[in-house]
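Text of protein.txt (compact mmCIF, C-alpha atoms and all ligand atoms) as supplied:
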# COMPACT_ATOMS: atom_id res chain seq x y z
CA MET R 1238 89.30 107.72 129.05
CA HIS R 1239 91.73 104.88 128.73
CA GLN R 1240 94.55 107.29 129.35
CA ASP R 1241 93.46 107.27 132.97
CA HIS R 1242 94.34 103.63 133.19
CA CYS R 1243 97.82 103.81 131.75
CA ALA R 1244 99.44 102.86 135.00
CA LEU R 1245 96.93 100.29 136.19
CA GLY R 1246 97.63 97.43 133.88
CA LEU R 1247 101.34 97.26 134.29
CA ALA R 1248 101.80 94.74 137.02
CA PRO R 1249 100.75 91.70 135.05
CA LEU R 1250 98.26 89.81 137.16
CA SER R 1251 99.61 86.54 135.91
CA THR R 1252 102.12 84.66 133.94
CA VAL R 1253 100.69 82.48 131.25
CA ALA R 1254 100.24 78.83 132.16
CA ARG R 1255 102.65 76.60 130.29
CA ASN R 1256 100.14 73.91 129.51
CA SER R 1257 98.22 74.60 126.36
CA VAL R 1258 94.77 73.20 125.71
CA SER R 1259 92.86 73.36 122.51
CA SER R 1260 89.65 75.30 123.07
CA ALA R 1261 87.38 77.43 125.22
CA LEU R 1262 85.03 74.47 125.61
CA ASP R 1263 87.84 72.39 127.13
CA ILE R 1264 88.31 75.10 129.76
CA ALA R 1265 84.62 75.19 130.60
CA GLN R 1266 84.54 71.43 130.96
CA ALA R 1267 87.22 71.65 133.65
CA LYS R 1268 84.64 73.68 135.64
CA PRO R 1269 86.91 76.49 136.91
CA VAL R 1270 85.64 78.31 140.00
CA GLN R 1271 87.36 81.58 139.03
CA PRO R 1272 87.15 83.39 135.67
CA VAL R 1273 89.87 82.23 133.27
CA THR R 1274 91.59 84.45 130.71
CA LEU R 1275 92.19 82.68 127.42
CA VAL R 1276 94.99 83.91 125.19
CA ARG R 1277 95.43 83.13 121.51
CA PRO R 1278 98.99 83.85 120.41
CA HIS R 1279 98.15 82.93 116.81
CA ALA R 1280 95.50 85.66 116.65
CA ALA R 1281 97.90 88.39 117.83
CA ALA R 1282 100.61 87.10 115.48
CA ARG R 1283 98.19 87.24 112.55
CA ALA R 1284 97.13 90.82 113.37
CA ALA R 1285 100.77 91.92 113.62
CA ARG R 1286 101.67 90.35 110.27
CA PHE R 1287 98.64 92.03 108.70
CA PHE R 1288 99.75 95.50 109.80
CA VAL R 1289 103.41 94.86 109.01
CA GLU R 1290 102.60 93.64 105.50
CA LYS R 1291 99.72 95.92 104.56
CA PHE R 1292 99.98 99.25 106.37
CA PRO R 1293 101.87 101.56 103.97
CA GLY R 1294 104.27 102.78 106.65
CA ARG R 1295 105.49 101.82 110.12
CA SER R 1296 103.09 100.29 112.65
CA MET R 1297 103.98 100.77 116.28
CA TYR R 1298 102.00 99.04 118.97
CA ALA R 1299 100.21 101.27 121.53
CA VAL R 1300 101.16 99.39 124.70
CA LYS R 1301 98.32 100.73 126.87
CA ALA R 1302 95.80 98.56 124.99
CA ASN R 1303 97.38 95.47 126.61
CA PRO R 1304 100.79 95.58 128.32
CA SER R 1305 101.22 91.82 128.69
CA PRO R 1306 104.91 90.94 128.16
CA GLU R 1307 103.89 87.72 126.38
CA LEU R 1308 101.83 89.73 123.89
CA ILE R 1309 104.58 92.29 123.37
CA GLN R 1310 106.99 89.45 122.59
CA ILE R 1311 104.55 87.90 120.09
CA LEU R 1312 104.15 91.23 118.28
CA TRP R 1313 107.94 91.64 118.11
CA ASP R 1314 108.36 88.10 116.79
CA ASN R 1315 105.93 88.98 114.02
CA GLY R 1316 107.57 92.18 112.85
CA ILE R 1317 106.43 94.99 115.19
CA THR R 1318 109.66 96.75 116.18
CA HIS R 1319 108.34 100.10 117.49
CA PHE R 1320 106.21 100.65 120.58
CA ASP R 1321 104.08 103.64 121.59
CA VAL R 1322 104.52 104.05 125.34
CA ALA R 1323 102.71 106.57 127.53
CA SER R 1324 104.20 106.26 131.03
CA ILE R 1325 107.62 105.57 132.50
CA ALA R 1326 106.36 102.18 133.70
CA GLU R 1327 105.46 101.29 130.10
CA VAL R 1328 108.91 102.49 128.96
CA ARG R 1329 110.60 100.25 131.54
CA LEU R 1330 108.34 97.30 130.76
CA VAL R 1331 109.06 97.31 127.02
CA ALA R 1332 112.76 98.09 127.52
CA ARG R 1333 113.02 95.09 129.86
CA THR R 1334 110.98 92.76 127.63
CA LEU R 1335 112.51 93.79 124.30
CA PRO R 1336 115.88 95.51 124.77
CA GLU R 1337 116.22 96.12 121.03
CA ALA R 1338 112.79 97.66 120.45
CA THR R 1339 112.39 101.34 119.56
CA LEU R 1340 110.25 103.24 122.04
CA CYS R 1341 108.24 106.34 121.23
CA PHE R 1342 106.93 108.34 124.21
CA MET R 1343 103.62 109.53 122.79
CA HIS R 1344 101.82 110.94 125.84
CA PRO R 1345 101.69 114.71 125.29
CA VAL R 1346 101.89 115.51 129.04
CA LYS R 1347 104.82 113.82 130.77
CA ALA R 1348 106.69 114.15 134.03
CA GLU R 1349 110.08 115.77 133.53
CA GLU R 1350 111.74 112.90 135.45
CA ALA R 1351 110.05 110.40 133.12
CA ILE R 1352 111.39 112.20 130.05
CA ALA R 1353 114.92 112.27 131.50
CA GLU R 1354 114.89 108.58 132.41
CA ALA R 1355 113.43 107.63 129.03
CA TYR R 1356 116.07 109.64 127.18
CA PHE R 1357 119.20 108.93 129.23
CA THR R 1358 118.52 105.40 130.53
CA HIS R 1359 116.35 103.81 127.84
CA GLY R 1360 117.48 105.57 124.66
CA VAL R 1361 114.08 107.05 123.81
CA ARG R 1362 114.39 109.72 121.12
CA VAL R 1363 110.78 110.22 119.97
CA PHE R 1364 108.45 112.35 122.11
CA SER R 1365 105.05 113.89 121.47
CA LEU R 1366 103.83 117.24 122.76
CA ASP R 1367 100.92 119.61 122.35
CA SER R 1368 102.13 122.77 124.08
CA LEU R 1369 105.12 125.09 124.35
CA GLU R 1370 105.37 124.20 128.05
CA GLU R 1371 105.86 120.54 127.16
CA LEU R 1372 108.47 121.48 124.57
CA ASP R 1373 110.39 123.42 127.24
CA LYS R 1374 110.08 120.44 129.57
CA ILE R 1375 111.44 118.01 126.97
CA MET R 1376 114.38 120.28 126.15
CA ARG R 1377 115.21 120.79 129.85
CA ALA R 1378 114.90 117.09 130.68
CA THR R 1379 117.11 116.01 127.76
CA ARG R 1380 119.61 118.89 128.33
CA ASN R 1381 118.82 120.36 124.93
CA ALA R 1382 119.41 117.15 123.03
CA SER R 1383 119.98 117.56 119.31
CA ASP R 1384 118.82 114.11 118.24
CA LEU R 1385 115.10 114.30 119.04
CA THR R 1386 112.11 113.46 116.90
CA LEU R 1387 109.35 115.71 118.20
CA CYS R 1388 105.77 114.94 117.20
CA VAL R 1389 103.27 117.75 117.62
CA ARG R 1390 99.84 116.35 118.46
CA LEU R 1391 97.05 118.12 116.60
CA ARG R 1392 93.51 118.17 117.91
CA VAL R 1393 91.19 116.39 115.50
CA SER R 1394 87.56 115.37 115.56
CA SER R 1395 86.43 112.11 117.18
CA GLU R 1396 83.01 112.21 115.54
CA HIS R 1397 83.49 108.95 113.60
CA SER R 1398 84.77 107.01 116.61
CA LYS R 1399 83.05 105.11 119.39
CA LEU R 1400 85.41 106.49 122.04
CA SER R 1401 86.37 110.14 121.90
CA LEU R 1402 89.94 111.29 122.41
CA ALA R 1403 89.22 114.80 121.21
CA SER R 1404 88.99 116.88 124.37
CA LYS R 1405 92.00 116.02 126.46
CA PHE R 1406 94.97 116.31 124.11
CA GLY R 1407 96.00 118.03 120.93
CA VAL R 1408 96.85 121.60 120.00
CA PRO R 1409 93.91 123.42 118.39
CA ALA R 1410 94.44 124.55 114.79
CA GLN R 1411 94.74 128.24 115.68
CA ASP R 1412 97.64 127.58 118.09
CA ALA R 1413 99.52 125.05 115.96
CA LYS R 1414 101.70 127.48 113.99
CA PRO R 1415 103.92 128.80 116.80
CA LEU R 1416 104.24 125.31 118.31
CA LEU R 1417 105.22 123.68 115.00
CA PHE R 1418 107.68 126.49 114.42
CA ALA R 1419 109.30 126.14 117.85
CA ALA R 1420 109.40 122.34 117.66
CA ARG R 1421 111.02 122.59 114.21
CA GLN R 1422 113.81 124.73 115.72
CA ALA R 1423 114.42 122.24 118.53
CA ALA R 1424 113.99 118.93 116.70
CA ASP R 1425 116.24 116.84 114.56
CA ALA R 1426 113.09 115.45 112.91
CA LEU R 1427 109.65 117.05 113.15
CA GLY R 1428 106.48 114.98 113.18
CA ILE R 1429 102.77 115.67 113.30
CA CYS R 1430 100.53 113.18 115.07
CA PHE R 1431 96.87 112.91 115.96
CA HIS R 1432 94.34 110.40 117.26
CA VAL R 1433 90.91 110.15 115.65
CA GLY R 1434 89.43 108.38 118.71
CA SER R 1435 89.22 104.66 119.37
CA GLN R 1436 87.18 102.30 117.16
CA ALA R 1437 86.92 104.66 114.19
CA MET R 1438 84.05 103.26 112.15
CA THR R 1439 84.99 104.84 108.81
CA PRO R 1440 88.25 105.64 106.95
CA GLU R 1441 86.84 109.15 106.48
CA ALA R 1442 87.97 109.88 110.04
CA TYR R 1443 91.59 109.70 108.84
CA ALA R 1444 90.91 111.58 105.58
CA GLU R 1445 89.41 114.48 107.55
CA ALA R 1446 92.24 114.50 110.09
CA MET R 1447 94.80 114.54 107.27
CA GLU R 1448 93.08 117.67 105.89
CA ARG R 1449 93.75 119.36 109.24
CA VAL R 1450 97.36 118.22 109.02
CA ARG R 1451 97.62 119.74 105.55
CA ALA R 1452 96.20 123.06 106.75
CA ALA R 1453 98.62 123.13 109.70
CA ILE R 1454 101.64 122.44 107.49
CA VAL R 1455 100.65 125.09 104.95
CA ASP R 1456 99.94 127.62 107.68
CA ALA R 1457 103.20 127.07 109.58
CA ALA R 1458 105.32 126.59 106.44
CA VAL R 1459 107.60 124.07 108.13
CA THR R 1460 109.31 120.95 106.79
CA VAL R 1461 107.71 117.84 108.24
CA ASP R 1462 109.54 114.51 108.41
CA VAL R 1463 106.96 112.23 110.04
CA ILE R 1464 103.18 111.91 109.79
CA ASP R 1465 101.77 109.72 112.56
CA VAL R 1466 98.09 108.85 112.14
CA GLY R 1467 97.83 107.39 115.66
CA GLY R 1468 95.47 104.60 116.66
CA GLY R 1469 91.74 104.17 116.23
CA PHE R 1470 91.79 101.19 113.84
CA PRO R 1471 88.65 99.20 114.61
CA SER R 1472 87.92 95.64 115.61
CA SER R 1473 84.68 93.75 115.16
CA TYR R 1474 82.03 93.72 117.92
CA PRO R 1475 78.28 92.99 117.94
CA ASP R 1476 76.58 95.79 115.94
CA MET R 1477 79.99 97.26 115.09
CA ALA R 1478 81.25 95.62 111.92
CA PRO R 1479 83.75 98.05 110.41
CA PRO R 1480 84.76 98.27 106.72
CA PRO R 1481 87.88 96.25 105.79
CA LEU R 1482 91.11 97.63 107.28
CA GLU R 1483 92.61 97.74 103.78
CA LEU R 1484 90.23 100.63 103.00
CA TYR R 1485 91.61 102.57 105.97
CA PHE R 1486 95.15 101.91 104.76
CA GLU R 1487 94.32 103.03 101.20
CA THR R 1488 92.63 106.22 102.43
CA ILE R 1489 95.59 107.06 104.67
CA HIS R 1490 98.11 106.28 101.93
CA ARG R 1491 96.33 108.50 99.42
CA ALA R 1492 96.08 111.39 101.90
CA PHE R 1493 99.74 110.97 102.92
CA GLU R 1494 100.94 111.01 99.29
CA SER R 1495 99.15 114.29 98.64
CA LEU R 1496 100.56 116.20 101.65
CA PRO R 1497 103.10 118.99 101.10
CA ILE R 1498 105.95 117.10 102.79
CA SER R 1499 109.35 115.92 101.66
CA TYR R 1500 109.68 112.84 99.49
CA SER R 1501 111.54 111.05 102.28
CA ALA R 1502 108.90 111.75 104.96
CA GLU R 1503 107.75 108.70 106.93
CA LEU R 1504 104.23 107.50 107.68
CA TRP R 1505 103.57 105.95 111.10
CA ALA R 1506 100.53 104.51 112.89
CA GLU R 1507 99.93 103.52 116.52
CA PRO R 1508 97.36 100.71 116.50
CA GLY R 1509 96.39 99.40 119.92
CA ARG R 1510 92.98 97.75 119.80
CA ALA R 1511 93.34 96.34 116.27
CA LEU R 1512 96.52 94.46 117.19
CA CYS R 1513 95.28 92.83 120.37
CA ALA R 1514 91.47 92.73 120.65
CA GLU R 1515 91.36 89.19 119.25
CA TYR R 1516 94.22 88.03 121.47
CA SER R 1517 92.15 87.21 124.51
CA SER R 1518 88.75 86.36 125.92
CA VAL R 1519 87.43 85.38 129.33
CA VAL R 1520 85.50 82.30 130.45
CA VAL R 1521 83.08 83.15 133.26
CA ARG R 1522 80.58 81.12 135.27
CA VAL R 1523 76.96 82.04 135.86
CA GLU R 1524 76.47 82.03 139.64
CA LYS R 1525 72.80 82.99 139.61
CA ARG R 1526 70.02 83.84 137.21
CA ARG R 1527 67.29 86.36 138.04
CA GLY R 1528 64.95 86.67 135.06
CA ASN R 1529 66.94 88.26 132.27
CA GLU R 1530 69.86 89.09 134.56
CA LEU R 1531 72.87 86.81 134.91
CA TYR R 1532 75.20 87.14 137.89
CA ILE R 1533 78.63 86.19 136.57
CA ASN R 1534 82.03 85.96 138.25
CA ASP R 1535 83.78 88.78 136.32
CA GLY R 1536 82.66 92.36 135.77
CA ALA R 1537 83.27 96.10 135.82
CA TYR R 1538 86.32 95.78 138.09
CA GLY R 1539 87.60 92.81 136.13
CA ALA R 1540 87.96 92.57 132.37
CA LEU R 1541 84.57 94.17 131.64
CA PHE R 1542 85.21 97.84 132.49
CA ASP R 1543 84.08 99.01 129.04
CA ALA R 1544 80.98 96.79 129.10
CA ALA R 1545 79.92 98.42 132.37
CA HIS R 1546 81.00 102.02 132.00
CA ILE R 1547 80.45 102.78 128.32
CA GLY R 1548 77.96 100.07 127.43
CA TRP R 1549 80.34 98.25 125.09
CA ARG R 1550 78.86 95.03 123.72
CA PHE R 1551 81.23 92.11 123.52
CA PRO R 1552 80.44 88.86 121.72
CA VAL R 1553 79.34 86.04 124.01
CA THR R 1554 78.80 82.32 123.61
CA LEU R 1555 77.44 79.61 125.89
CA LEU R 1556 80.04 76.88 126.43
CA ARG R 1557 77.88 73.83 126.89
CA GLU R 1558 77.90 70.39 125.39
CA PRO R 1559 75.65 69.26 123.84
CA GLN R 1560 74.89 72.78 122.63
CA SER R 1561 71.63 74.37 123.65
CA THR R 1562 69.02 74.29 120.89
CA VAL R 1563 66.87 76.93 122.58
CA ARG R 1564 66.72 80.27 120.76
CA ASP R 1565 68.70 83.30 121.95
CA HIS R 1566 67.35 85.79 124.41
CA PRO R 1567 68.76 89.19 125.53
CA PHE R 1568 70.46 89.19 128.95
CA SER R 1569 72.27 91.74 131.09
CA PHE R 1570 75.08 90.84 133.47
CA TYR R 1571 75.96 91.64 137.07
CA GLY R 1572 79.60 91.26 138.08
CA PRO R 1573 80.74 89.64 141.35
CA THR R 1574 81.45 92.70 143.54
CA CYS R 1575 78.94 94.17 145.98
CA ASP R 1576 78.72 97.36 143.95
CA ASP R 1577 75.60 98.33 141.97
CA LEU R 1578 77.86 99.88 139.32
CA ASP R 1579 79.11 96.38 138.59
CA HIS R 1580 76.42 95.98 135.94
CA MET R 1581 76.76 95.35 132.22
CA ALA R 1582 73.59 96.29 130.33
CA GLY R 1583 74.45 94.53 127.06
CA PRO R 1584 72.15 93.17 125.76
CA PHE R 1585 74.09 89.93 125.48
CA LEU R 1586 72.33 87.31 123.38
CA LEU R 1587 72.46 83.82 124.91
CA PRO R 1588 70.24 80.72 124.78
CA ALA R 1589 67.07 81.30 126.82
CA ASP R 1590 67.66 78.16 128.93
CA ILE R 1591 70.97 79.41 130.38
CA THR R 1592 71.21 78.77 134.10
CA ALA R 1593 73.49 78.92 137.16
CA GLY R 1594 76.54 76.71 136.68
CA ASP R 1595 76.76 77.41 132.93
CA TYR R 1596 79.95 78.85 131.48
CA ILE R 1597 80.10 81.75 129.02
CA GLU R 1598 82.99 82.90 126.85
CA ILE R 1599 83.15 86.67 126.47
CA GLY R 1600 85.25 87.53 123.42
CA MET R 1601 87.42 90.38 122.13
CA LEU R 1602 88.81 91.33 125.54
CA GLY R 1603 92.45 91.48 124.44
CA ALA R 1604 92.27 95.27 124.13
CA TYR R 1605 91.24 97.38 127.13
CA GLY R 1606 89.83 94.31 128.90
CA SER R 1607 92.61 92.28 130.44
CA ALA R 1608 94.63 95.49 130.81
CA MET R 1609 92.15 97.09 133.18
CA ARG R 1610 91.49 94.28 135.67
CA THR R 1611 91.64 94.96 139.40
CA THR R 1612 91.21 92.78 142.47
CA PHE R 1613 88.60 95.07 144.08
CA ASN R 1614 86.48 93.35 146.72
CA GLY R 1615 88.63 90.24 146.56
CA PHE R 1616 87.44 89.21 143.11
CA GLY R 1617 89.49 88.85 139.96
CA SER R 1618 91.65 85.94 138.99
CA ASP R 1619 95.06 85.66 137.45
CA GLU R 1620 94.52 82.33 135.76
CA THR R 1621 95.55 82.50 132.11
CA VAL R 1622 95.62 79.66 129.61
CA ILE R 1623 96.79 79.46 126.02
CA VAL R 1624 94.21 78.08 123.61
CA GLU R 1625 94.50 77.26 119.94
CA ASP R 1626 90.93 77.64 118.68
CA GLU R 1627 89.83 80.68 116.68
CA PRO R 1628 88.67 83.86 118.44
CA MET R 1629 84.89 84.30 118.39
CA VAL R 1630 85.22 87.07 115.82
CA SER R 1631 88.19 87.85 113.59
CA LEU R 1632 88.96 90.55 111.04
CA TYR R 1633 92.06 88.65 109.99
CA ALA R 1634 91.04 84.98 109.73
CA GLU R 1635 89.17 85.59 106.47
CA VAL R 1636 92.10 87.48 104.93
CA GLU R 1637 94.41 84.63 105.94
CA ARG R 1638 92.12 82.00 104.41
CA GLU R 1639 91.89 83.97 101.14
CA ALA R 1640 95.65 84.34 100.98
CA ALA R 1641 96.06 80.61 101.54
CA SER R 1642 93.60 79.72 98.77
CA ASN R 1643 95.34 82.11 96.35
CA VAL R 1644 98.63 80.38 96.99
CA VAL R 1645 97.02 77.02 96.24
CA LYS R 1646 95.52 78.39 92.99
CA LEU R 1647 98.94 79.60 91.82
C1 LIG T 1701 95.21 104.88 123.11
C2 LIG T 1701 96.17 105.41 122.11
C3 LIG T 1701 96.49 104.65 120.96
C4 LIG T 1701 95.80 103.35 120.62
O1 LIG T 1701 94.49 103.59 120.22
P1 LIG T 1701 93.57 102.40 119.64
O2 LIG T 1701 92.25 103.08 119.43
O3 LIG T 1701 93.54 101.33 120.65
O4 LIG T 1701 94.19 101.95 118.35
C5 LIG T 1701 97.44 105.15 120.11
N1 LIG T 1701 98.05 106.33 120.34
C6 LIG T 1701 97.79 107.09 121.43
C7 LIG T 1701 98.52 108.36 121.63
C8 LIG T 1701 96.83 106.65 122.34
O5 LIG T 1701 96.53 107.41 123.41
Can you present the structure in this file as structure tokens?
Amino acid sequence: MHQDHCALGLAPLSTVARNSVSSALDIAQAKPVQPVTLVRPHAAARAARFFVEKFPGRSMYAVKANPSPELIQILWDNGITHFDVASIAEVRLVARTLPEATLCFMHPVKAEEAIAEAYFTHGVRVFSLDSLEELDKIMRATRNASDLTLCVRLRVSSEHSKLSLASKFGVPAQDAKPLLFAARQAADALGICFHVGSQAMTPEAYAEAMERVRAAIVDAAVTVDVIDVGGGFPSSYPDMAPPPLELYFETIHRAFESLPISYSAELWAEPGRALCAEYSSVVVRVEKRRGNELYINDGAYGALFDAAHIGWRFPVTLLREPQSTVRDHPFSFYGPTCDDLDHMAGPFLLPADITAGDYIEIGMLGAYGSAMRTTFNGFGSDETVIVEDEPMVSLYAEVEREAASNVVKL
């Protein structure tokens, strides 16, 4: 579903404010009238270093998760050199922001003009496809280029993931052989890619997908140079605590090592969510309380699309000092627009004495939150502030603390 929003997030609503304050609470105490996006460069940097150091191959960032130029620069500064782009606007954005980055055009259905511009103007050499028609299109648009890396997208199951990506793209197993064969003839390097769906809750998702890759390679009897396991690496949300990412990496590494591919074959991944979910959060104000319903000033047309449309639960905290000592109570949210759809069921657990005028931080909105904001009905704000406190939840803070204590012990 996020594919539908590829183009939406590209005009950044804001540039990041230069002044940096220390915490979410500081922001709330300034009593902003509009919602404020908080960004945490240190959290994105930490996630990038984690993937660069621990993933047993190349990690490229899937730009659609959050196309903010500031974020893209942070990822680059921390070792991410390759970017998975899905539209010509994303190609241009990354090319402009990071002229030396390597771009991989991983949308399997592209406009011919987009392919031509990517190839001739921006130096893109990696393209994905899932049909013979798309292969023809790529060859026509690049005037039969001989330096292409072509990645055939296989259809795999999304059953272990919270968000399916199984129906729209990917060549089914029974049609893979002729496509792999034709792509092999046309390509300088041949890859196989897949996407297990977003927020994959178990490493088994990748193990099972790799079995489909194996079957496809054996069946087509082609030499494969790249295996790209796509995105799907999870972040932590209420009721969705995934196993450690290291287990995903080990499972993928083991499966990769046992594939019938050449010794020099490369392993790639396209993490989106896992690299940027912790990067940002939003501070909202409660404008009204009606029983267990809170009317807040951001919503389905702002950074909370997923909370409204697929019932995603984000972590929340009341920003009040002194802190409330009243026990938590389940609330649902209404966003600011006049639309009934602008409703987030949650439940979101907040102190039972919360009231109009209180401020709430909603966490983990760095992926598919900020990227999908609109200004529908005149709401939505472009105010963005850098903060230095920790994100509300982090998969990486613990790993970083352990690493630090090991260094001290040595
Ligand atoms: C959306 C997408 C990604 C990123 O997925 P996450 O679940 O955010 O890691 C990677 N590759 C492709 C082709 C995608 O469409």
Residues within 9 Å of ligand LIG 1701 (chain T) should be enumerated using all atoms listed in the file and returned as a PDB file with C-alpha atoms, keeping the file's coordinate frame.
ATOM      1  CA  MET R1238      89.300 107.720 129.050  1.00  0.00           C
ATOM      2  CA  HIS R1239      91.730 104.880 128.730  1.00  0.00           C
ATOM      3  CA  GLN R1240      94.550 107.290 129.350  1.00  0.00           C
ATOM      4  CA  MET R1297     103.980 100.770 116.280  1.00  0.00           C
ATOM      5  CA  TYR R1298     102.000  99.040 118.970  1.00  0.00           C
ATOM      6  CA  ALA R1299     100.210 101.270 121.530  1.00  0.00           C
ATOM      7  CA  VAL R1300     101.160  99.390 124.700  1.00  0.00           C
ATOM      8  CA  LYS R1301      98.320 100.730 126.870  1.00  0.00           C
ATOM      9  CA  ALA R1302      95.800  98.560 124.990  1.00  0.00           C
ATOM     10  CA  ASP R1321     104.080 103.640 121.590  1.00  0.00           C
ATOM     11  CA  VAL R1322     104.520 104.050 125.340  1.00  0.00           C
ATOM     12  CA  ALA R1323     102.710 106.570 127.530  1.00  0.00           C
ATOM     13  CA  PHE R1342     106.930 108.340 124.210  1.00  0.00           C
ATOM     14  CA  MET R1343     103.620 109.530 122.790  1.00  0.00           C
ATOM     15  CA  HIS R1344     101.820 110.940 125.840  1.00  0.00           C
ATOM     16  CA  PRO R1345     101.690 114.710 125.290  1.00  0.00           C
ATOM     17  CA  SER R1365     105.050 113.890 121.470  1.00  0.00           C
ATOM     18  CA  ARG R1390      99.840 116.350 118.460  1.00  0.00           C
ATOM     19  CA  SER R1398      84.770 107.010 116.610  1.00  0.00           C
ATOM     20  CA  LEU R1400      85.410 106.490 122.040  1.00  0.00           C
ATOM     21  CA  LEU R1402      89.940 111.290 122.410  1.00  0.00           C
ATOM     22  CA  CYS R1430     100.530 113.180 115.070  1.00  0.00           C
ATOM     23  CA  PHE R1431      96.870 112.910 115.960  1.00  0.00           C
ATOM     24  CA  HIS R1432      94.340 110.400 117.260  1.00  0.00           C
ATOM     25  CA  VAL R1433      90.910 110.150 115.650  1.00  0.00           C
ATOM     26  CA  GLY R1434      89.430 108.380 118.710  1.00  0.00           C
ATOM     27  CA  SER R1435      89.220 104.660 119.370  1.00  0.00           C
ATOM     28  CA  GLN R1436      87.180 102.300 117.160  1.00  0.00           C
ATOM     29  CA  ALA R1437      86.920 104.660 114.190  1.00  0.00           C
ATOM     30  CA  VAL R1466      98.090 108.850 112.140  1.00  0.00           C
ATOM     31  CA  GLY R1467      97.830 107.390 115.660  1.00  0.00           C
ATOM     32  CA  GLY R1468      95.470 104.600 116.660  1.00  0.00           C
ATOM     33  CA  GLY R1469      91.740 104.170 116.230  1.00  0.00           C
ATOM     34  CA  PHE R1470      91.790 101.190 113.840  1.00  0.00           C
ATOM     35  CA  PRO R1471      88.650  99.200 114.610  1.00  0.00           C
ATOM     36  CA  ALA R1506     100.530 104.510 112.890  1.00  0.00           C
ATOM     37  CA  GLU R1507      99.930 103.520 116.520  1.00  0.00           C
ATOM     38  CA  PRO R1508      97.360 100.710 116.500  1.00  0.00           C
ATOM     39  CA  GLY R1509      96.390  99.400 119.920  1.00  0.00           C
ATOM     40  CA  ARG R1510      92.980  97.750 119.800  1.00  0.00           C
ATOM     41  CA  ALA R1511      93.340  96.340 116.270  1.00  0.00           C
ATOM     42  CA  LEU R1512      96.520  94.460 117.190  1.00  0.00           C
ATOM     43  CA  CYS R1513      95.280  92.830 120.370  1.00  0.00           C
ATOM     44  CA  ALA R1514      91.470  92.730 120.650  1.00  0.00           C
ATOM     45  CA  ALA R1604      92.270  95.270 124.130  1.00  0.00           C
ATOM     46  CA  TYR R1605      91.240  97.380 127.130  1.00  0.00           C
TER      47      TYR R1605
END
Tyr1633 in chain R environment, 7 Å, all atoms listed in the file, sequence neighbours closer than 3 positions dropped, as an MDAnalysis selection string
chainID R and resid 1283:1284 1636:1637
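For the pair CA of Ala1267 in chain R and CA of Val1622 in chain R, the interatomic distance is 12.3 Å.
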Go through R:Ser1472, R:Thr1274, R:Thr1334, R:Ser1607 and flag the residue nearest Lys1399 in chain R, using only C-alpha atoms for the distances.
R:Ser1472
Rounded to one decimal, what separation in Å do you get between CA of His1566 in chain R and CA of Leu1586 in chain R?
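Taking CA of His1566 in chain R as the start and CA of Leu1586 in chain R as the end point, the length is 5.3 Å.
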Kindly provide the residues of range 1283-1332 of chain R that approach range 1481-1486 of chain R to within 10 Å, each paired with its closest atom pair and their distance in Å to one decimal, based on only C-alpha atoms, listed by chain and increasing number, as a Markdown table.
| residue | atom | partner | partner_atom | distance |
| --- | --- | --- | --- | --- |
| R:Phe1287 | CA | R:Leu1482 | CA | 9.5 |
| R:Phe1288 | CA | R:Leu1482 | CA | 9.2 |
| R:Lys1291 | CA | R:Glu1483 | CA | 7.4 |
| R:Phe1292 | CA | R:Phe1486 | CA | 5.7 |
| R:Pro1293 | CA | R:Phe1486 | CA | 6.8 |
| R:Gly1294 | CA | R:Phe1486 | CA | 9.4 |
Enter the distance from CA of Tyr1532 in chain R to CA of Trp1549 in chain R, in Å, rounded to one decimal.
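For CA of Tyr1532 in chain R relative to CA of Trp1549 in chain R, the distance reads 17.7 Å.
For the choices R:Leu1262, R:Met1376, R:Ala1502, R:Leu1308, the atom-to-atom distance to His1279 in chain R is smallest for R:Leu1308 when using all atoms listed in the file.
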Of the residues R:Leu1531, R:Ala1492, R:Val1519, R:Ala1378, which is the one nearest to Ile1599 in chain R, using all atoms listed in the file?
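Closest to Ile1599 in chain R, using all atoms listed in the file: R:Val1519.
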Residues within 8 Å of Pro1497 in chain R, all atoms listed in the file, excluding chain neighbours under 2 positions, as a PyMOL selection string
chain R and resi 1451+1454-1455+1495+1499
Selected residues written out with C-alpha atoms, as a PDB file, in the frame of the given file:
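The file below, out.pdb, is the result:
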ATOM      1  CA  ARG R1451      97.620 119.740 105.550  1.00  0.00           C
ATOM      2  CA  ILE R1454     101.640 122.440 107.490  1.00  0.00           C
ATOM      3  CA  VAL R1455     100.650 125.090 104.950  1.00  0.00           C
ATOM      4  CA  SER R1495      99.150 114.290  98.640  1.00  0.00           C
ATOM      5  CA  SER R1499     109.350 115.920 101.660  1.00  0.00           C
TER       6      SER R1499
END
Calculated over all atoms listed in the file, which of the candidates R:Val1289, R:Met1609, R:Ile1352, R:Leu1541 has the smallest distance to Gly1316 in chain R?
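Counting all atoms listed in the file, the residue closest to Gly1316 in chain R is R:Val1289.
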Excluding Ala1403 in chain R and any residue of its chain fewer than 4 positions from it, enumerate the residues within 7 Å of it, using only C-alpha atoms, and give them as an NGL selection string.
:R and (1392-1395 or 1434)
Here is a test: counting only C-alpha atoms, which residue of R:Met1601, R:Ala1424, R:Val1553, R:Ala1382 is nearest to Tyr1356 in chain R?
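Residue with the minimum atom-to-atom distance to Tyr1356 in chain R: R:Ala1382.
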Contact residues around Cys1575 in chain R with only C-alpha atoms at 12 Å, ignoring same-chain residues under 2 positions, as a ChimeraX atom specification:
/R:1532,1534,1536-1538,1571-1573,1577-1580,1613-1616
Counting only C-alpha atoms, closest pick from R:Ser1642, R:Thr1358, R:Thr1611, R:Ser1517 relative to Glu1625 in chain R is R:Ser1517
